[in-house]
Structures are given as C-alpha cells and as structure tokens.
Amino acid sequence: MRKPELLAPVGGKEALIAAIENGADAVYFGGTLFSARQYASHFTNEEIESAIDYSHIRGVKAYVTMNTLVKDSELETAGQYLQFLCNAGADAVIVQDIGILRLLREQLQILPIHASTQMTIHNPEGVTFLEDLGVKRVVLAREMSLGEIRNIKSQTSMEIETFIHGAICFSYSGQCLLSSMIGGRSGNRGYCAQPCRKKYRIGEMEGYLLSPRDLNMSGHIGALLDAGIDSFKIEGRMKRPEYVAGVVRVYRKLIDRYLDAPVDFRVTKAEMHTLLQLFNREFTTGYFFGNPGSQLMSPKYPHNRGTLLGKTTDYDTKTKLVSIDLKSPLRVGDGIGIGNRETGITIRNIYIGNKMVKEAASGSLIRIPLDIEVLEDEFVFKTFDSKLMASLENAQMNKIPITMSFKARIGEPLGLLIDDGENRITISRDKVISAKTKPVSKSLIAQHLIKLGGTIFQAKEVDFELDKNIFIPVSELNTIRRQGIEELEKIRARKWMRQCSEPKISFMSRKSKIMPILSVNISSIGSLKAAVDNGADVVYLGEEVFENLRSRTKPQIPSLASQGHRHVFPACEFPPPKGNQDVDERRFVDKKNYRTAIEYTHNNGVKIFIRAPRIVKDLKELEIFDPEQIVNDADGFLVGNTGIFHHLRTNFANKPIVIDYPLNVFNRLTMDHFLDSSVRVTLSPELTLKEIRNLVFSGPSECIVHGFFPLMVSEHDLIGGLFPGRKSGDIFLKDEKGFKFPVMTDLHNRTYVMNSRELCMLESVPEIIKAGVSCLRIEAGTYDAKMTGEITKEYRGAIDDAVCKRESSKRCAGEHTKGHYFRGVL
C-alpha cells in the first residue's frame, strides 16, 4: 500500500528537531520574509540553510513557505529570496501569489512549487490550472470532502496535500479580509490577528461565534489513504515544540499501524488523550465527511481546552483558595483553565487538607491559590501536562543504517569507507606503522568505529582488512570516524543544493489612454435596470446572490429623485420570480431572465458580463455555461475562481474575461499573467491608491469604489446553525467594540460576513481616475433597485465631472470607510 508523507509544522529549531526525531517525513517552515505566520518564530537565512541541511542529512524533506501576497515594491527582494531558497536546496517552495508562481515557472523551473491552501483550490479545473503552470503539489482548501478529493485525484497526476490535524479557519483561506479591514493586519500577508477567535453577538446569542473546533483525523487514516491524499499535513507552526513532538509521534504510529494491519487499526486511549491534552478547542473531522453543521464550531472555548480535570466545589474569598474535585491527576507545574475564561494559571501549590503536596491523584479534593473568584460547579480543564511534556522531550530517532570498511596495512594510508546505500565516501589518514609493544586489537577498532550515538547513523556492518601487529592510536580511530561521518553528512546535504540564477523582474506595459468606465455588480433584475438607466457602462449579473436580506442600510450618499434616466424600462420585460414570498425575491435571478437582461443592456448600449461564483466545487452545476442560454450572447464573464477561469479559457477562448478581486491581484507579475488572457483585472481591495498607481501601467485595471462586499466567505451556515429555520431579516454580527457586520447566506447556505461600514470613495473619484484606473466598480449586491440607481447616478456624475475637469460637489455622507486606499496593510 502506498505510504503517505507525514508533514510537520516547524516554528523554530527545537520544533524542527522534535518533528524529525518523532517521525516526520517532511517539515515545512518559514523565513523572516513572505510567510503566512509572521508571528511565529521564523528562521533567518542562515538558519534556513542549516534547517534544510539538518533535514536532508536525516532523510527528511524541507519545504519553505512563501505563501503570502507580494507587493510590487517587494518583487526584487522576493526574487533574491527565491534564488537563495533554490540554492539552499529547499525541496519545494509553498506559494500563494500567482505572480511569484509565474516567476518560478519561467525562471526557476528547477525549484518545485507547492500551491498553498491560500489559493482556495477546490475543484478539478483549479488543479488543472495549476498543473499547467508547473505546480507539483496543491494544498486543497480545507472545505473539501473525501469524495471531492477522490474525484480531483482521479482527474490529475498532481500530488494532493491536505491538513489532517490542527486549527482550521472559519473562512476559506485566501478569501478573508476581516483582519485587514478592522485592523490593517492582512491574513493574505501573514499578519492575521485572528478575529475569528474573538467574542461576537447576534441578537441575544453571544460567544465565540466564528471559532471552529480543531481538526482531528487520527481515527480515519484509511479513509484519507483511500481518497488518494499524498501528504498528511499537521497545522501548528505557532505551537510549542512539545506539541509538534506529540502530534507527530501519534500520527507516525497511526500511519505505520494502519499500513501494517489495516483491519486491526485503532487509536488507543493514550494516543487520543495525548492529542486532547496537547491542544484542542474540541475536535472535529471538518468537511471530510460532508458539512458538519454546528458540530464544526466551538463557540464557548476559543483557546486550548485540554482535558477535563474536575469541577470547582468552593471558593474561599478570605484565603483566596479554590477547592477542586479532581477527576484526573494534577501536579505542580501543570497548567489549568477554569470555565471559558481566556486566561489560565500554572499550578505552584497544591493543598490536600492542610498539607502541601507536589501532586494529587484522581478523586482527591484539593485546594489551590486563585486570585479570581469562581463559582461552584465550574468545569476545570488541564491545559498543560508537565509529565506529558517532559516525556515528549526525548524520542528515539530512526537511525540510518551504514556499512563501514576499515583498511589498515603497514606502510599504507589508514582508510575508512562508509556507505549509506546511496552515498559512498572514503577517508584516508597517515600511514599505518608496526606496533612496538602491544598491537591494537580488532575489537578495539570496532568499538571506536561504531561509536555513533550522537549522530543519525547506525553501523550495521563493519568489514576489516588488517595486517597483524599494527599500531593505531585511539585518537586516530576517533578522528577518522568523525571525519568520515562529517563528510557523509556533507554529501547528503550537498546533493540537494543547486546553482540558481537570480530571476529578473520585468513587466509588460499595456497601458492605453482610454476613458474610465463605471461597472455595477448587481444581484437582481430590478437593480440591473436601475444601473443601466443611471449611467453604468458595464453590469455584472450572476448566481451568487443572498437570500436572507430584505433591505440594506441606507446609502451614505445624498438621496436623489429618480429622474433624468437615459432609458425607459419596459415593465413587461422582467416578470417577478416565483418562490417563497417570505424571502426577498429580488435576490433571485431566474435563468430565463438572463437573455432578456442581455437584450435590455445591449439595446441601451451597455455591456453585460456574467458573474461566475467564487466558490463552486462542480462546474457541471453551472447553467451559465450552456451555450444555448447565456455564453454566446453575454459580453463576457467576471471570474474570481481559478477553476472557472481555466474552464473558460479552454472551452470559450474568445469570450472576454474580467478578473475579479478574489483572485488576489497584488502585483504587476500577477497582472501580466491574467492579462495574457483577460481584458481587465480587478485589483485587491488591500492595495493603497499609491500602490495601485504603480500597477496600472501593466494594463487595464478595475477597483471597487463603493458598497459592501464580503470580508469572509465560509462553507459553514452560521445563521442556520445558530437559528435553525431562520433565513430572512437583517442579521448582524456585533463585535466587542460595537461594530456591526452584516451576515448573509447564499443559496448554497454559505456564509458571507460583510464589512461593518459601507465603502464610499465618491469624493476621491478624481484621484482614482488620475491614478490611471480603467474601471470604477460599485458593489450593489446588497442594494435594492432604488438605491442601486441613486448610487450609480452619483458615480456617473462624479466620473463625468473628473473627466471634464469640472468641480464636483459630490460627497459621502454619514459613517463610511475608505477601505485601504489611504491606509496600507501589514
């Protein structure tokens, strides 16, 4: 049976040693640059070289993360870093940025590429897109089921990697803007502030509503193998070395146990206890066996829950001692947490009766000092087990067997040959001399040659070619052994090193003088009419619509009377959709109305692009690709999904494409790649206006200037899980500072968390146009027809004023945000 790779997280030197000594087949870690865990303890370049060598000497692969979006100003540094990683012998570089991927493919083909889970790959076409770009392995989105993974594996020769243990995100990775929008710390840049682990309120419901449980697939090794997964990945680059040691040790045993005897496979109680004790927010199998619903979430415990220790029985306010009825042992040095408090304590003193003890057995009634008053019958958890941690500090390394051939002929150089099965080295020393008194024995020579305890090697066989009556000093035996092992280590490390040239950063220039246009992204036929009537040049209409919002917050621009429309709307052309009258019907786009919508826009000189969904696991479910319905007549597609992008370029090569912002265009290399086969690129909302100004020289660009758009996209149905059956009405996620984030659900029950404030760049339109942006977009998916029309009209006027260099009095009113246009992200 095929043996999967066990891939371990490494956040520092101690974790590296722990991972390898406990059985990891490969490790992944980041440097000080371009790593998606910038708050972890990263390696310097010198430490990276050392870590790669350390891994390779021990037969372990080393992958380096470069899984963040790269700014245009950082490309030169990124190129130098890639050259360094290539020369250092990294087995692969883990990449999110399409521009970096393109650079590797074109100029550093010798360095293998792994596509990060940050690329949101979740369908077979997305995998093929990456395969065409030379990617060796893809880390699939965590939201994939085993059946979906199996389907992908059957259609590609690419290696498949999935997370099998550790923390998981509420949002699809690579689609989360919440951390950057509320605090300027971009998850796409490695600075996620983990807002999903904060406390929120929806109505009367309060808790850690966006905090998922931790993934644990320890009991399903066979199912993972049957799905064709090549690499089992453990999350945890910010965890302690003991965590890495313990989790890797358990999974190493489980994988080997399954491969030895699949029928008898089981997870022991001790192994499950270890996983629970090391870290858990309660466990889940994630989406591997389908959508788990509310079982995915851990709304009470956003931090390590550990294992149940007992319950409080009393708190003495005078002595400040809490009494605990123990259900498991407790020792001085252990860590505990009480209830769902975010802070824990380390045990310094334990009292049984009036006696101070160092440990207490299960069943004991103990007292410990505690400054915070607690209630009776609160659950107490052991979050740190000092005895377990101590046991994880020592591991039995898997030794690499070697054979030695030792030659000692009088008058000839002393010689030692070492063979590890792949490499052979020979060491020579001074000539051998005759013994004047007592000759050296064969057993003594063997004793010193096999003294390899501090190395990764173990001598399985030693051959001798000796003269009689020879003399070799013990120091000489130790020296030749040490030199031989050092040389073998160098060879094992050196064979992975390369001679790579620094990639050259260059860009295409497609800049042309065109008049800026206005696009409006809408989700209803009525809003389409309003946008067309009030000055839109392009409308985007698609299937990704929301079903639980009756009305939106009032627009933050002056309300204008609906007059001066360019066209009259024929009332008979858009019949109201049928369906549940309790749901806001304007959210639904009836398929039969696409053609009428296309005709209406074309009759009024406006282009219509079909908006493809950003998440779609099976492209066969998309009726928009039926040529008899839409493809032939629509002007093109708005695409934020790599799989759909690949499908369109393969099957509808002549159809124009506008790249949407979920594809995270952050630099000119990425722009170059997409503009090779698209007409326009929507830039990332995390870019500043200054950064945008540098990018637009690469070709036509689009920027979102107004509206609400998702900061999170989750496969989890948040509202359905908290309030079964509730789908309508305004629903807001309120944070601890009082900000309200609208929460919406689409027709596939996915959750969208929107920004708490409406983006409004009305008064900055002249600056945006001056920067060279080709198209300004209004996100009107949450607006009704009236609001869409009013906002469109305002921006139409602002653009016309700017183009004609007229003074404009248009201003944003009320609370609004300017996003990242004038404040960057980390």
# chains A, B, ... in the order shown; residues from 1 in each chain; ligands from 1

call {"tool": "select_by_dssp", "arguments": {"residues": "range 124-344 of chain A", "states": "helix (DSSP H, G or I)", "output": "NGL selection string"}}
result
:A and (124-132 or 146-154 or 178-183 or 187-189 or 195-197 or 218-226 or 241-260 or 262-264 or 269-278 or 293-296)

call {"tool": "residues_around", "arguments": {"residues": "Val432 in chain A", "least_positions_apart": "4", "cutoff": "12 Å", "atoms": "only C-alpha atoms", "output": "list of chain:residue names"}}
result
A:Lys407, A:Ala408, A:Arg409, A:Ile410, A:Gly411, A:Glu412, A:Pro413, A:Leu414, A:Gly415, A:Ser428, A:Pro439, A:Val440, A:Leu466, A:Asp467, A:Lys468, A:Asn469, A:Ile470, A:Phe471, A:Ile472, A:Pro473, A:Glu476, A:Leu477

call {"tool": "write_last_selection", "arguments": {"atoms": "N, CA, C and O atoms", "output": "PDB file, in the first residue's frame"}}
result
ATOM      1  N   LYS A 407      40.435  -0.281   6.515  1.00  0.00           N
ATOM      2  CA  LYS A 407      41.666  -0.870   5.963  1.00  0.00           C
ATOM      3  C   LYS A 407      42.880  -0.313   6.690  1.00  0.00           C
ATOM      4  O   LYS A 407      43.031   0.904   6.813  1.00  0.00           O
ATOM      5  N   ALA A 408      43.741  -1.238   7.191  1.00  0.00           N
ATOM      6  CA  ALA A 408      44.965  -0.834   7.885  1.00  0.00           C
ATOM      7  C   ALA A 408      46.096  -1.787   7.492  1.00  0.00           C
ATOM      8  O   ALA A 408      46.229  -2.881   8.061  1.00  0.00           O
ATOM      9  N   ARG A 409      46.905  -1.377   6.477  1.00  0.00           N
ATOM     10  CA  ARG A 409      48.063  -2.143   6.020  1.00  0.00           C
ATOM     11  C   ARG A 409      49.329  -1.365   6.375  1.00  0.00           C
ATOM     12  O   ARG A 409      49.397  -0.150   6.129  1.00  0.00           O
ATOM     13  N   ILE A 410      50.281  -2.048   6.938  1.00  0.00           N
ATOM     14  CA  ILE A 410      51.525  -1.391   7.353  1.00  0.00           C
ATOM     15  C   ILE A 410      52.180  -0.733   6.144  1.00  0.00           C
ATOM     16  O   ILE A 410      52.330  -1.337   5.080  1.00  0.00           O
ATOM     17  N   GLY A 411      52.520   0.541   6.303  1.00  0.00           N
ATOM     18  CA  GLY A 411      53.159   1.309   5.243  1.00  0.00           C
ATOM     19  C   GLY A 411      52.194   1.979   4.280  1.00  0.00           C
ATOM     20  O   GLY A 411      52.608   2.734   3.394  1.00  0.00           O
ATOM     21  N   GLU A 412      50.884   1.693   4.432  1.00  0.00           N
ATOM     22  CA  GLU A 412      49.868   2.312   3.577  1.00  0.00           C
ATOM     23  C   GLU A 412      48.994   3.243   4.409  1.00  0.00           C
ATOM     24  O   GLU A 412      48.878   3.070   5.630  1.00  0.00           O
ATOM     25  N   PRO A 413      48.352   4.233   3.741  1.00  0.00           N
ATOM     26  CA  PRO A 413      47.482   5.146   4.494  1.00  0.00           C
ATOM     27  C   PRO A 413      46.320   4.388   5.142  1.00  0.00           C
ATOM     28  O   PRO A 413      45.761   3.454   4.548  1.00  0.00           O
ATOM     29  N   LEU A 414      45.984   4.810   6.339  1.00  0.00           N
ATOM     30  CA  LEU A 414      44.813   4.263   7.020  1.00  0.00           C
ATOM     31  C   LEU A 414      43.557   4.680   6.231  1.00  0.00           C
ATOM     32  O   LEU A 414      43.427   5.838   5.814  1.00  0.00           O
ATOM     33  N   GLY A 415      42.638   3.756   5.989  1.00  0.00           N
ATOM     34  CA  GLY A 415      41.465   4.077   5.163  1.00  0.00           C
ATOM     35  C   GLY A 415      40.153   3.617   5.776  1.00  0.00           C
ATOM     36  O   GLY A 415      40.082   2.586   6.449  1.00  0.00           O
ATOM     37  N   SER A 428      41.102   8.970   4.144  1.00  0.00           N
ATOM     38  CA  SER A 428      42.462   8.448   4.323  1.00  0.00           C
ATOM     39  C   SER A 428      43.181   9.256   5.391  1.00  0.00           C
ATOM     40  O   SER A 428      43.004  10.474   5.496  1.00  0.00           O
ATOM     41  N   PRO A 439      50.046  -4.500  20.071  1.00  0.00           N
ATOM     42  CA  PRO A 439      49.307  -4.106  18.876  1.00  0.00           C
ATOM     43  C   PRO A 439      47.840  -3.807  19.212  1.00  0.00           C
ATOM     44  O   PRO A 439      47.310  -4.272  20.223  1.00  0.00           O
ATOM     45  N   VAL A 440      47.180  -3.001  18.351  1.00  0.00           N
ATOM     46  CA  VAL A 440      45.760  -2.683  18.524  1.00  0.00           C
ATOM     47  C   VAL A 440      44.912  -3.880  18.101  1.00  0.00           C
ATOM     48  O   VAL A 440      45.225  -4.574  17.127  1.00  0.00           O
ATOM     49  N   LEU A 466      43.031  -5.998   7.722  1.00  0.00           N
ATOM     50  CA  LEU A 466      44.052  -5.609   8.692  1.00  0.00           C
ATOM     51  C   LEU A 466      45.308  -6.455   8.560  1.00  0.00           C
ATOM     52  O   LEU A 466      45.243  -7.665   8.300  1.00  0.00           O
ATOM     53  N   ASP A 467      46.453  -5.809   8.748  1.00  0.00           N
ATOM     54  CA  ASP A 467      47.695  -6.543   8.955  1.00  0.00           C
ATOM     55  C   ASP A 467      47.811  -6.884  10.439  1.00  0.00           C
ATOM     56  O   ASP A 467      47.169  -6.247  11.299  1.00  0.00           O
ATOM     57  N   LYS A 468      48.648  -7.843  10.743  1.00  0.00           N
ATOM     58  CA  LYS A 468      48.906  -8.168  12.132  1.00  0.00           C
ATOM     59  C   LYS A 468      49.940  -7.187  12.697  1.00  0.00           C
ATOM     60  O   LYS A 468      50.699  -6.575  11.963  1.00  0.00           O
ATOM     61  N   ASN A 469      49.933  -7.095  13.999  1.00  0.00           N
ATOM     62  CA  ASN A 469      50.937  -6.301  14.708  1.00  0.00           C
ATOM     63  C   ASN A 469      50.974  -4.843  14.258  1.00  0.00           C
ATOM     64  O   ASN A 469      52.009  -4.268  13.971  1.00  0.00           O
ATOM     65  N   ILE A 470      49.776  -4.211  14.174  1.00  0.00           N
ATOM     66  CA  ILE A 470      49.712  -2.798  13.787  1.00  0.00           C
ATOM     67  C   ILE A 470      49.423  -1.939  15.006  1.00  0.00           C
ATOM     68  O   ILE A 470      48.832  -2.395  16.003  1.00  0.00           O
ATOM     69  N   PHE A 471      49.810  -0.676  14.899  1.00  0.00           N
ATOM     70  CA  PHE A 471      49.533   0.273  15.975  1.00  0.00           C
ATOM     71  C   PHE A 471      48.762   1.473  15.414  1.00  0.00           C
ATOM     72  O   PHE A 471      49.193   2.102  14.447  1.00  0.00           O
ATOM     73  N   ILE A 472      47.596   1.724  16.005  1.00  0.00           N
ATOM     74  CA  ILE A 472      46.789   2.897  15.630  1.00  0.00           C
ATOM     75  C   ILE A 472      46.339   3.566  16.921  1.00  0.00           C
ATOM     76  O   ILE A 472      45.630   2.948  17.727  1.00  0.00           O
ATOM     77  N   PRO A 473      46.720   4.798  17.158  1.00  0.00           N
ATOM     78  CA  PRO A 473      46.271   5.492  18.370  1.00  0.00           C
ATOM     79  C   PRO A 473      44.742   5.592  18.412  1.00  0.00           C
ATOM     80  O   PRO A 473      44.076   5.741  17.375  1.00  0.00           O
ATOM     81  N   GLU A 476      43.381   8.545  16.723  1.00  0.00           N
ATOM     82  CA  GLU A 476      43.326   8.445  15.271  1.00  0.00           C
ATOM     83  C   GLU A 476      42.061   7.710  14.817  1.00  0.00           C
ATOM     84  O   GLU A 476      41.443   8.079  13.815  1.00  0.00           O
ATOM     85  N   LEU A 477      41.665   6.702  15.551  1.00  0.00           N
ATOM     86  CA  LEU A 477      40.423   5.985  15.235  1.00  0.00           C
ATOM     87  C   LEU A 477      39.215   6.920  15.371  1.00  0.00           C
ATOM     88  O   LEU A 477      38.311   6.921  14.525  1.00  0.00           O
TER      89      LEU A 477
END

call {"tool": "closest_atom_pairs", "arguments": {"of": "range 489-524 of chain A", "to": "range 743-766 of chain A", "cutoff": "12 Å", "atoms": "only C-alpha atoms", "output": "CSV"}}
result
residue,atom,partner,partner_atom,distance
A:Pro516,CA,A:Val765,CA,10.5
A:Ile517,CA,A:Val765,CA,11.7
A:Leu518,CA,A:Val765,CA,11.1
A:Ser523,CA,A:Asp746,CA,11.2

call {"tool": "atom_distance", "arguments": {"atom1": "CA of Gly363 in chain A", "atom2": "CA of Phe381 in chain A"}}
result
15.0 Å

call {"tool": "residues_around", "arguments": {"residues": "range 788-794 of chain A", "least_positions_apart": "3", "cutoff": "6 Å", "atoms": "only C-alpha atoms", "output": "NGL selection string"}}
result
:A and (527 or 530-531 or 534 or 783 or 785 or 797)

call {"tool": "select_by_dssp", "arguments": {"residues": "range 114-318 of chain A", "states": "strand (DSSP E)", "output": "number ranges by chain"}}
result
A: 114-115, 137-139, 159-166, 200-202, 205-207, 214-216, 231-234, 283-284, 307-316

call {"tool": "write_last_selection", "arguments": {"atoms": "N, CA, C and O atoms", "output": "compact mmCIF listing (two decimals), in the first residue's frame"}}
result
# COMPACT_ATOMS: atom_id res chain seq x y z
N HIS A 114 4.77 24.14 -4.58
CA HIS A 114 3.55 23.64 -3.95
C HIS A 114 2.59 24.82 -3.83
O HIS A 114 2.97 25.89 -3.35
N ALA A 115 1.36 24.64 -4.28
CA ALA A 115 0.35 25.70 -4.21
C ALA A 115 -0.30 25.69 -2.83
O ALA A 115 -0.85 24.68 -2.39
N ARG A 137 2.51 20.17 -6.50
CA ARG A 137 1.58 19.74 -5.45
C ARG A 137 0.64 20.86 -5.11
O ARG A 137 1.01 22.03 -5.12
N VAL A 138 -0.61 20.50 -4.77
CA VAL A 138 -1.59 21.50 -4.35
C VAL A 138 -2.09 21.14 -2.96
O VAL A 138 -2.40 19.99 -2.67
N VAL A 139 -2.14 22.16 -2.09
CA VAL A 139 -2.76 22.01 -0.78
C VAL A 139 -4.21 22.46 -0.93
O VAL A 139 -4.48 23.65 -1.06
N GLU A 159 0.32 15.88 -7.10
CA GLU A 159 0.28 15.46 -5.71
C GLU A 159 -0.77 16.28 -4.94
O GLU A 159 -0.90 17.48 -5.15
N ILE A 160 -1.49 15.61 -4.04
CA ILE A 160 -2.54 16.25 -3.25
C ILE A 160 -2.13 16.24 -1.78
O ILE A 160 -1.77 15.22 -1.22
N GLU A 161 -2.20 17.42 -1.18
CA GLU A 161 -1.88 17.57 0.24
C GLU A 161 -3.08 18.16 0.95
O GLU A 161 -3.73 19.07 0.43
N THR A 162 -3.39 17.64 2.12
CA THR A 162 -4.48 18.22 2.91
C THR A 162 -4.08 18.27 4.38
O THR A 162 -3.29 17.47 4.86
N PHE A 163 -4.65 19.23 5.09
CA PHE A 163 -4.48 19.30 6.53
C PHE A 163 -5.28 18.17 7.17
O PHE A 163 -6.44 17.92 6.80
N ILE A 164 -4.67 17.51 8.15
CA ILE A 164 -5.36 16.41 8.82
C ILE A 164 -5.45 16.62 10.33
O ILE A 164 -6.13 15.86 11.02
N HIS A 165 -4.77 17.66 10.84
CA HIS A 165 -4.84 17.92 12.29
C HIS A 165 -4.46 19.37 12.57
O HIS A 165 -3.56 19.92 11.94
N GLY A 166 -5.18 19.96 13.53
CA GLY A 166 -4.85 21.31 13.97
C GLY A 166 -5.95 22.32 13.73
O GLY A 166 -7.08 21.98 13.39
N TYR A 200 -18.36 37.55 19.78
CA TYR A 200 -19.35 38.29 19.00
C TYR A 200 -20.75 38.02 19.55
O TYR A 200 -20.97 37.08 20.32
N ARG A 201 -21.67 38.87 19.11
CA ARG A 201 -23.08 38.71 19.50
C ARG A 201 -23.95 38.82 18.26
O ARG A 201 -23.74 39.67 17.40
N ILE A 202 -24.95 37.93 18.16
CA ILE A 202 -26.01 38.06 17.17
C ILE A 202 -27.32 38.00 17.95
O ILE A 202 -27.68 36.95 18.50
N MET A 205 -27.73 35.97 21.25
CA MET A 205 -26.72 34.90 21.23
C MET A 205 -25.32 35.52 21.29
O MET A 205 -24.97 36.36 20.46
N GLU A 206 -24.53 35.14 22.31
CA GLU A 206 -23.19 35.69 22.46
C GLU A 206 -22.19 34.56 22.66
O GLU A 206 -22.49 33.55 23.31
N GLY A 207 -21.03 34.72 22.11
CA GLY A 207 -19.98 33.72 22.27
C GLY A 207 -18.92 33.90 21.20
O GLY A 207 -18.86 34.93 20.51
N ASP A 214 -10.95 22.26 16.48
CA ASP A 214 -9.71 21.84 15.84
C ASP A 214 -9.91 20.53 15.08
O ASP A 214 -10.66 19.65 15.51
N LEU A 215 -9.22 20.42 13.96
CA LEU A 215 -9.32 19.24 13.11
C LEU A 215 -8.57 18.07 13.73
O LEU A 215 -7.46 18.23 14.24
N ASN A 216 -9.17 16.88 13.66
CA ASN A 216 -8.53 15.66 14.15
C ASN A 216 -9.01 14.50 13.30
O ASN A 216 -10.15 14.06 13.41
N SER A 231 -0.02 13.67 0.93
CA SER A 231 0.69 14.25 2.07
C SER A 231 -0.30 14.63 3.16
O SER A 231 -1.27 15.34 2.91
N PHE A 232 -0.06 14.12 4.37
CA PHE A 232 -0.89 14.41 5.53
C PHE A 232 -0.24 15.56 6.29
O PHE A 232 0.83 15.39 6.88
N LYS A 233 -0.90 16.70 6.32
CA LYS A 233 -0.29 17.91 6.87
C LYS A 233 -0.84 18.24 8.24
O LYS A 233 -2.05 18.31 8.44
N ILE A 234 0.06 18.50 9.17
CA ILE A 234 -0.31 18.93 10.52
C ILE A 234 -0.14 20.44 10.61
O ILE A 234 0.88 20.98 10.19
N PHE A 283 -12.70 18.65 19.17
CA PHE A 283 -12.24 18.16 17.88
C PHE A 283 -13.40 17.98 16.89
O PHE A 283 -14.55 17.80 17.26
N THR A 284 -13.03 18.05 15.62
CA THR A 284 -13.97 17.84 14.53
C THR A 284 -13.24 17.15 13.38
O THR A 284 -12.01 17.22 13.31
N THR A 307 -7.81 18.75 28.69
CA THR A 307 -8.65 17.63 29.12
C THR A 307 -9.37 18.02 30.41
O THR A 307 -8.91 18.87 31.18
N LEU A 308 -10.50 17.38 30.65
CA LEU A 308 -11.29 17.68 31.85
C LEU A 308 -10.53 17.24 33.09
O LEU A 308 -10.13 16.08 33.22
N LEU A 309 -10.33 18.18 34.02
CA LEU A 309 -9.62 17.89 35.26
C LEU A 309 -10.58 17.65 36.41
O LEU A 309 -10.33 16.83 37.29
N GLY A 310 -11.68 18.38 36.42
CA GLY A 310 -12.63 18.24 37.52
C GLY A 310 -13.59 19.41 37.57
O GLY A 310 -13.79 20.11 36.58
N LYS A 311 -14.17 19.63 38.76
CA LYS A 311 -15.10 20.73 38.97
C LYS A 311 -14.74 21.48 40.25
O LYS A 311 -14.23 20.90 41.21
N THR A 312 -15.04 22.78 40.25
CA THR A 312 -14.87 23.56 41.47
C THR A 312 -15.98 23.21 42.45
O THR A 312 -17.13 22.94 42.06
N THR A 313 -15.65 23.17 43.74
CA THR A 313 -16.67 22.90 44.77
C THR A 313 -16.87 24.07 45.71
O THR A 313 -17.91 24.18 46.37
N ASP A 314 -15.87 24.97 45.79
CA ASP A 314 -15.99 26.08 46.73
C ASP A 314 -14.88 27.09 46.44
O ASP A 314 -13.82 26.74 45.91
N TYR A 315 -15.15 28.36 46.79
CA TYR A 315 -14.10 29.39 46.72
C TYR A 315 -14.12 30.18 48.01
O TYR A 315 -15.16 30.75 48.40
N ASP A 316 -12.99 30.21 48.70
CA ASP A 316 -12.87 30.93 49.96
C ASP A 316 -12.32 32.33 49.67
O ASP A 316 -11.16 32.48 49.30

call {"tool": "residues_around", "arguments": {"residues": "His673 in chain A", "least_positions_apart": "3", "cutoff": "8 Å", "atoms": "only C-alpha atoms", "output": "MDAnalysis selection string"}}
result
chainID A and resid 98:99 102 669:670 676:677

call {"tool": "write_last_selection", "arguments": {"atoms": "N, CA, C and O atoms", "output": "PDB file, in the first residue's frame"}}
result
ATOM      1  N   ILE A  98       0.141  34.376  -7.486  1.00  0.00           N
ATOM      2  CA  ILE A  98       0.232  33.912  -8.878  1.00  0.00           C
ATOM      3  C   ILE A  98       1.432  34.535  -9.587  1.00  0.00           C
ATOM      4  O   ILE A  98       2.089  33.892 -10.417  1.00  0.00           O
ATOM      5  N   GLY A  99       1.768  35.769  -9.247  1.00  0.00           N
ATOM      6  CA  GLY A  99       2.923  36.411  -9.863  1.00  0.00           C
ATOM      7  C   GLY A  99       4.212  35.695  -9.509  1.00  0.00           C
ATOM      8  O   GLY A  99       5.099  35.500 -10.356  1.00  0.00           O
ATOM      9  N   ARG A 102       4.339  32.450 -11.405  1.00  0.00           N
ATOM     10  CA  ARG A 102       4.746  32.684 -12.792  1.00  0.00           C
ATOM     11  C   ARG A 102       6.262  32.909 -12.887  1.00  0.00           C
ATOM     12  O   ARG A 102       6.926  32.391 -13.792  1.00  0.00           O
ATOM     13  N   LEU A 669       3.356  41.279 -11.775  1.00  0.00           N
ATOM     14  CA  LEU A 669       3.579  39.947 -12.322  1.00  0.00           C
ATOM     15  C   LEU A 669       2.262  39.176 -12.404  1.00  0.00           C
ATOM     16  O   LEU A 669       1.996  38.481 -13.390  1.00  0.00           O
ATOM     17  N   THR A 670       1.449  39.314 -11.372  1.00  0.00           N
ATOM     18  CA  THR A 670       0.132  38.671 -11.387  1.00  0.00           C
ATOM     19  C   THR A 670      -0.751  39.301 -12.461  1.00  0.00           C
ATOM     20  O   THR A 670      -1.481  38.603 -13.176  1.00  0.00           O
ATOM     21  N   ASP A 676      -2.739  38.260 -19.942  1.00  0.00           N
ATOM     22  CA  ASP A 676      -2.433  37.495 -21.148  1.00  0.00           C
ATOM     23  C   ASP A 676      -3.701  36.889 -21.741  1.00  0.00           C
ATOM     24  O   ASP A 676      -3.749  36.591 -22.940  1.00  0.00           O
ATOM     25  N   SER A 677      -4.722  36.698 -20.898  1.00  0.00           N
ATOM     26  CA  SER A 677      -5.937  36.040 -21.384  1.00  0.00           C
ATOM     27  C   SER A 677      -7.195  36.656 -20.783  1.00  0.00           C
ATOM     28  O   SER A 677      -8.209  35.979 -20.620  1.00  0.00           O
TER      29      SER A 677
END

call {"tool": "closest_residue", "arguments": {"among": "A:Val538, A:Val95, A:Leu101, A:Ala193", "to": "Gln118 in chain A", "atoms": "only C-alpha atoms"}}
result
A:Val95

call {"tool": "residues_around", "arguments": {"residues": "range 323-336 of chain A", "least_positions_apart": "3", "cutoff": "7 Å", "atoms": "only C-alpha atoms", "output": "NGL selection string"}}
result
:A and (309-315 or 344-349 or 358-368 or 380-386)

call {"tool": "residues_around", "arguments": {"residues": "range 450-460 of chain A", "least_positions_apart": "5", "cutoff": "10 Å", "atoms": "only C-alpha atoms", "output": "list in words"}}
result
Glu21, Ile57, Arg58, Gly59, Met397, Asn398, Lys399, Ile400, Pro401, Ile402, Thr403, Met404, Ile418, Asp419, Asp420, Ile445, Asn478, Arg481, Arg482, Ile485, Glu486, Leu488 and Glu489 of chain A

call {"tool": "closest_residue", "arguments": {"among": "A:Pro613, A:Gly12, A:Gly699, A:Pro262", "to": "Ile644 in chain A", "atoms": "only C-alpha atoms"}}
result
A:Pro613

call {"tool": "atom_distance", "arguments": {"atom1": "CA of Leu276 in chain A", "atom2": "CA of Ala390 in chain A"}}
result
16.5 Å

call {"tool": "closest_atom_pairs", "arguments": {"of": "range 10-77 of chain A", "to": "range 490-495 of chain A", "cutoff": "12 Å", "atoms": "only C-alpha atoms", "output": "tab-separated table"}}
result
residue	atom	partner	partner_atom	distance
A:Glu49	CA	A:Ala493	CA	9.9
A:Ser50	CA	A:Ala493	CA	9.7
A:Ala51	CA	A:Ala493	CA	10.4
A:Ile52	CA	A:Ala493	CA	7.9
A:Asp53	CA	A:Ala493	CA	5.0
A:Tyr54	CA	A:Ala493	CA	7.7
A:Ser55	CA	A:Ala493	CA	8.3
A:His56	CA	A:Ala493	CA	5.4
A:Ile57	CA	A:Arg492	CA	5.3
A:Arg58	CA	A:Arg492	CA	8.4
A:Gly59	CA	A:Arg492	CA	8.3
A:Val60	CA	A:Ala493	CA	10.6
A:Lys61	CA	A:Ala493	CA	10.9
A:Ala62	CA	A:Ala493	CA	11.4

call {"tool": "closest_residue", "arguments": {"among": "A:Gly738, A:Gly184, A:Gly246, A:Pro299", "to": "Pro685 in chain A", "atoms": "only C-alpha atoms"}}
result
A:Gly184
